[in-house]
Every structure is written in structure tokens, then in C-alpha cells.
Amino acid sequence: MQDLVGKVAFVTGAASGIGLGIAEALAQAGVKVMMADIEQDALDALVARLAATNADVAGVRADVSLKDELQKAADATIARFGKVHILVNNAGVGGGGTYGEWSDASWDWVIGVNLMSVVWGIEIFGPLMESHGEGGQIVSTASMAGLVAAVAPGYNVTKYGVVALSEGLRPTLATRGIGVSVLCPGFIRTRIMESARAIPERLVGQIALPDPTALPNEFAVMATQAIQNGIDPLYVGELVVEGIEGDWPYIFTDNNFEGGVDLRFAAIKAGFDKIRGRTPRH
């Protein structure tokens with residue numbers, strides 16, 4: 001995938017934030033892009049904006065938490081562009097609540113968007129990439145919360161899952177000419193804190209939303225400020241393009257959380273040290 005000109009990409013969550021940055025960077029690299037998002041109006045406006053730059057882009061509305069809508073989006077991509085070389089599983093939502101705040105509906109939503117859409121995306125688009133024999137790349141957006149469990153439990157669970165899925169599939173799909181990368185961004189200037197805007201109609205009223213009049217906790221204030229002053233999504237997109245060209249296993253956006261990863265693995269190593277030298281009983 002070192003020569004991206006003329007290749008075709010499918011990008012979820014493409015009407016804002018990281019997804020838009022990736023779609024824009026791919027288009028600038030000469031890639032034809034099918035942009036998928038649940039927000040139709042925003043999608044239409046951004047497809048028109050990119051098309052005005054002579055980018056070869058199209059849009060398809062999809063609720064990626066529903067497998068049949070992802071399948072229809074794949075069908076639309078093939079109908080429009082004929083094939084697909086790059087899959088970017090980017091759509092994601094925050095939320096799910098902390099311990100004591102969970103509900104079946106919130107788990108259904110967060111897992112559906114953040115994790116199952118990645119599973120289904122690979123299941124649907126993988127064979128399409130194999131079929132043309134021209135190679136391909138899968139990039140799935142996790143988070144630094146996929147390496148250090150520092151956010152809400154539901155979010156952490158899904159992002160750890162994306163990392164594990166990507167790591168596990170990388171050697172398998174390499175034999176089929178498909179590279180696998182996992183994107184673990186830090187604080188990016190997105191609307192992740194406004195994820196409630198994307199709750200599907202079938203779940204409206206079943207997911208408790210944050211009380212806007214309540215005093216946010218210290219972490220929420222810090223996270224909101226960090227995101228507002230976060231990294232430019234287009235810069236992230238440019239890193240993703242470079243990661244695709246170089247088949248990077250991990251794509252990071254900055255080194256701010258490297259120390260946290262070091263601490264996690266040091267704690268794991270310490271766990272092994274506690275039983276080092278013992279002979280297990282069989």
C-alpha cells in the first residue's frame with residue numbers, strides 16, 4: 001500500500017473529528033473515499049466541501065452499531081467505486097457510565113459502535129479486499145484508553161478489545177496481503193464529549209445522559225479542556241496515511257501517555273516477579 005493514488009477507502013465516523021481528518025488526508029493523498037456517518041446533514045456538507053477540492057469522495061449514512069447497515073454501506077461503496085483497498089474503522093462514542101451507572105442499553109450502544117462495528121467491518125470488508133488481489137490495509141481506531149484503562153469502564157473495555165483484535169489479526173491477514181494497524185490517539189480536538197448526539201433512535205430514552213447542570217468531576221473538566229485544546233484531526237489523518245504506507249502496527253499521535261503505558265507494563269512485570277522461582281503444582 002505504498003502507492004495510494006487511485007486506491008479506495010471506506011471510513012466510518014467520517015463527518016467529524018478524527019474520521020474527517022483521516023478522510024481528508026486520504027483524499028489529499030489521491031485516495032477515493034467513501035465517507036460513512038450516522039449524521040446525514042453533517043455528512044452531506046462535508047462530502048460537498050471535499051468534493052469542491054476535486055477530491056473523489058462520496059457519502060453513505062450508516063449506523064455502524066447495526067451490522068446490516070454496514071453491509072449496505074459496503075454495497076454502496078462497491079457500487080460507487082468498484083472495489084475497496086483501505087478500511088478505516090473509526091466511528092466511536094464516549095459514555096457508558098462508571099460503576100453504579102451502567103445499563104444494558106448503554107453497554108449495547110458503546111460496545112456496538114466502538115467494538116462490534118470493528119468486528120463487522122473486518123468481516124464484511126476483508127473478503128472484498130482479498131477478492132481483487134491488490135493488497136489492502138485495515139486501520140481501526142482504539143485509544144490510549146485501549147492500553148491504559150483510564151476512562152469510563154465501558155469505553156476502556158471496547159478500546160482494549162480493538163487493540164486485541166488488531167494485534168491478533170495482524171499476522172493472519174498479513175498472509176493474505178492485508179496490513180492491520182491500530183490507531184491509539186491521545187487528546188484530539190473532536191466532539192467525543194458530545195457523543196449523545198449520535199444515540200440511535202432505538203435507544204433514545206434508554207441511556208441516561210449527563211446532567212448539564214451538575215458540577216462535572218475533576219477528570220471531566222480536565223478531559224474537556226484537553227480535548228478543546230487537542231491535536232488537529234487532520235494531523236492525525238496525515239499520520240494514518242503514513243501508517244498505511246509503512247504498515248505500522250501501532251499509530252500514536254503523541255508521547256504524552258507513554259509513561260502510563262510503561263507503568264502498566266511495570267505492574268504486569270511485578271506480578272510475574274511475585275511468583276518467580278515457584279514450581280507450579282500439576
# chains A, B, ... in the order shown; residues from 1 in each chain; ligands from 1

call {"tool": "residues_around", "arguments": {"residues": "A:Val11", "least_positions_apart": "3", "cutoff": "6 Å", "atoms": "only C-alpha atoms", "output": "list in words"}}
result
Ala14, Met35, Ala36 and Val88 of chain A

call {"tool": "write_last_selection", "arguments": {"atoms": "N, CA and C atoms", "output": "mmCIF file, in the first residue's frame"}}
result
data_model
loop_
_atom_site.group_PDB
_atom_site.id
_atom_site.type_symbol
_atom_site.label_atom_id
_atom_site.label_comp_id
_atom_site.auth_asym_id
_atom_site.auth_seq_id
_atom_site.Cartn_x
_atom_site.Cartn_y
_atom_site.Cartn_z
ATOM 1 N N ALA A 14 -16.968 9.544 9.643
ATOM 2 C CA ALA A 14 -16.182 10.424 8.783
ATOM 3 C C ALA A 14 -16.685 11.854 8.708
ATOM 4 N N MET A 35 -17.228 8.075 2.600
ATOM 5 C CA MET A 35 -17.354 8.575 3.969
ATOM 6 C C MET A 35 -18.685 8.097 4.552
ATOM 7 N N ALA A 36 -18.624 7.421 5.693
ATOM 8 C CA ALA A 36 -19.835 6.924 6.342
ATOM 9 C C ALA A 36 -20.020 7.599 7.693
ATOM 10 N N VAL A 88 -11.151 1.919 7.267
ATOM 11 C CA VAL A 88 -10.852 2.668 8.483
ATOM 12 C C VAL A 88 -12.056 2.568 9.415
#

call {"tool": "residues_around", "arguments": {"residues": "stretch 46-58 of chain A", "least_positions_apart": "5", "cutoff": "10 Å", "atoms": "only C-alpha atoms", "output": "PDB file with C-alpha atoms, in the first residue's frame"}}
result
ATOM      1  CA  GLY A   6      -6.274   5.771  -7.059  1.00  0.00           C
ATOM      2  CA  VAL A   8     -10.362   3.271  -2.486  1.00  0.00           C
ATOM      3  CA  ALA A   9     -11.019   3.770   1.230  1.00  0.00           C
ATOM      4  CA  PHE A  10     -14.082   3.321   3.411  1.00  0.00           C
ATOM      5  CA  ALA A  14     -16.182  10.424   8.783  1.00  0.00           C
ATOM      6  CA  ALA A  15     -18.339  13.511   9.292  1.00  0.00           C
ATOM      7  CA  SER A  16     -16.375  14.910  12.212  1.00  0.00           C
ATOM      8  CA  LEU A  20     -12.971  13.603   8.941  1.00  0.00           C
ATOM      9  CA  ALA A  23     -10.866  11.114   5.108  1.00  0.00           C
ATOM     10  CA  GLU A  24      -9.395  14.495   4.218  1.00  0.00           C
ATOM     11  CA  LEU A  26      -6.550  10.225   2.341  1.00  0.00           C
ATOM     12  CA  ALA A  27      -8.258  12.381  -0.274  1.00  0.00           C
ATOM     13  CA  GLN A  28      -5.229  14.687  -0.352  1.00  0.00           C
ATOM     14  CA  ALA A  29      -3.081  11.586  -0.978  1.00  0.00           C
ATOM     15  CA  GLY A  30      -5.145  10.742  -4.057  1.00  0.00           C
ATOM     16  CA  VAL A  31      -7.367   8.109  -2.475  1.00  0.00           C
ATOM     17  CA  LYS A  32     -11.025   7.768  -3.427  1.00  0.00           C
ATOM     18  CA  VAL A  33     -13.026   7.894  -0.202  1.00  0.00           C
ATOM     19  CA  MET A  34     -16.455   6.647   0.824  1.00  0.00           C
ATOM     20  CA  MET A  35     -17.354   8.575   3.969  1.00  0.00           C
ATOM     21  CA  ALA A  36     -19.835   6.924   6.342  1.00  0.00           C
ATOM     22  CA  ASP A  41     -26.660  16.592   7.294  1.00  0.00           C
ATOM     23  CA  ALA A  76     -22.805   1.245  -1.803  1.00  0.00           C
ATOM     24  CA  THR A  77     -19.004   1.539  -1.785  1.00  0.00           C
ATOM     25  CA  ARG A  80     -19.713   3.646  -6.465  1.00  0.00           C
ATOM     26  CA  PHE A  81     -16.019   2.753  -6.682  1.00  0.00           C
TER      27      PHE A  81
END

call {"tool": "residues_around", "arguments": {"residues": "A:Ser140", "least_positions_apart": "6", "cutoff": "9 Å", "atoms": "only C-alpha atoms", "output": "list in words"}}
result
Leu87, Val88, Asn89, Asn90, Val118, Val162, Val163, Ser166, Val180, Ser181, Val182, Leu183 and Cys184 of chain A

call {"tool": "closest_residue", "arguments": {"among": "A:Ala45, A:Leu147, A:Val64, A:Val93", "to": "A:Val110", "atoms": "only C-alpha atoms"}}
result
A:Val93

call {"tool": "closest_residue", "arguments": {"among": "A:Val84, A:Val119, A:Ala150, A:Val157", "to": "A:Lys7", "atoms": "only C-alpha atoms"}}
result
A:Val84

call {"tool": "select_by_dssp", "arguments": {"residues": "stretch 5-251 of chain A", "states": "strand (DSSP E)", "output": "ChimeraX atom specification"}}
result
/A:8-12,32-37,57-61,86-89,136-141,178-184,250-251

call {"tool": "closest_residue", "arguments": {"among": "A:Leu43, A:Ala223, A:Val261, A:Ile275", "to": "A:Gly146", "atoms": "only C-alpha atoms"}}
result
A:Val261

call {"tool": "closest_residue", "arguments": {"among": "A:Gly133, A:Gly177, A:Pro280, A:Gly186", "to": "A:Gly260", "atoms": "only C-alpha atoms"}}
result
A:Gly186

call {"tool": "atom_distance", "arguments": {"atom1": "atom CA of A:Ala164", "atom2": "atom CA of A:Ala142"}}
result
9.9 Å

call {"tool": "atom_distance", "arguments": {"atom1": "atom CA of A:Gly126", "atom2": "atom CA of A:Lys83"}}
result
11.5 Å

call {"tool": "closest_residue", "arguments": {"among": "A:Val139, A:Ala105, A:Met1, A:Ala145", "to": "A:Arg264", "atoms": "only C-alpha atoms"}}
result
A:Ala145

call {"tool": "residues_around", "arguments": {"residues": "A:Ala174", "least_positions_apart": "2", "cutoff": "12 Å", "atoms": "only C-alpha atoms", "output": "ChimeraX atom specification"}}
result
/A:126,130,135-138,166-172,176-181,247,249
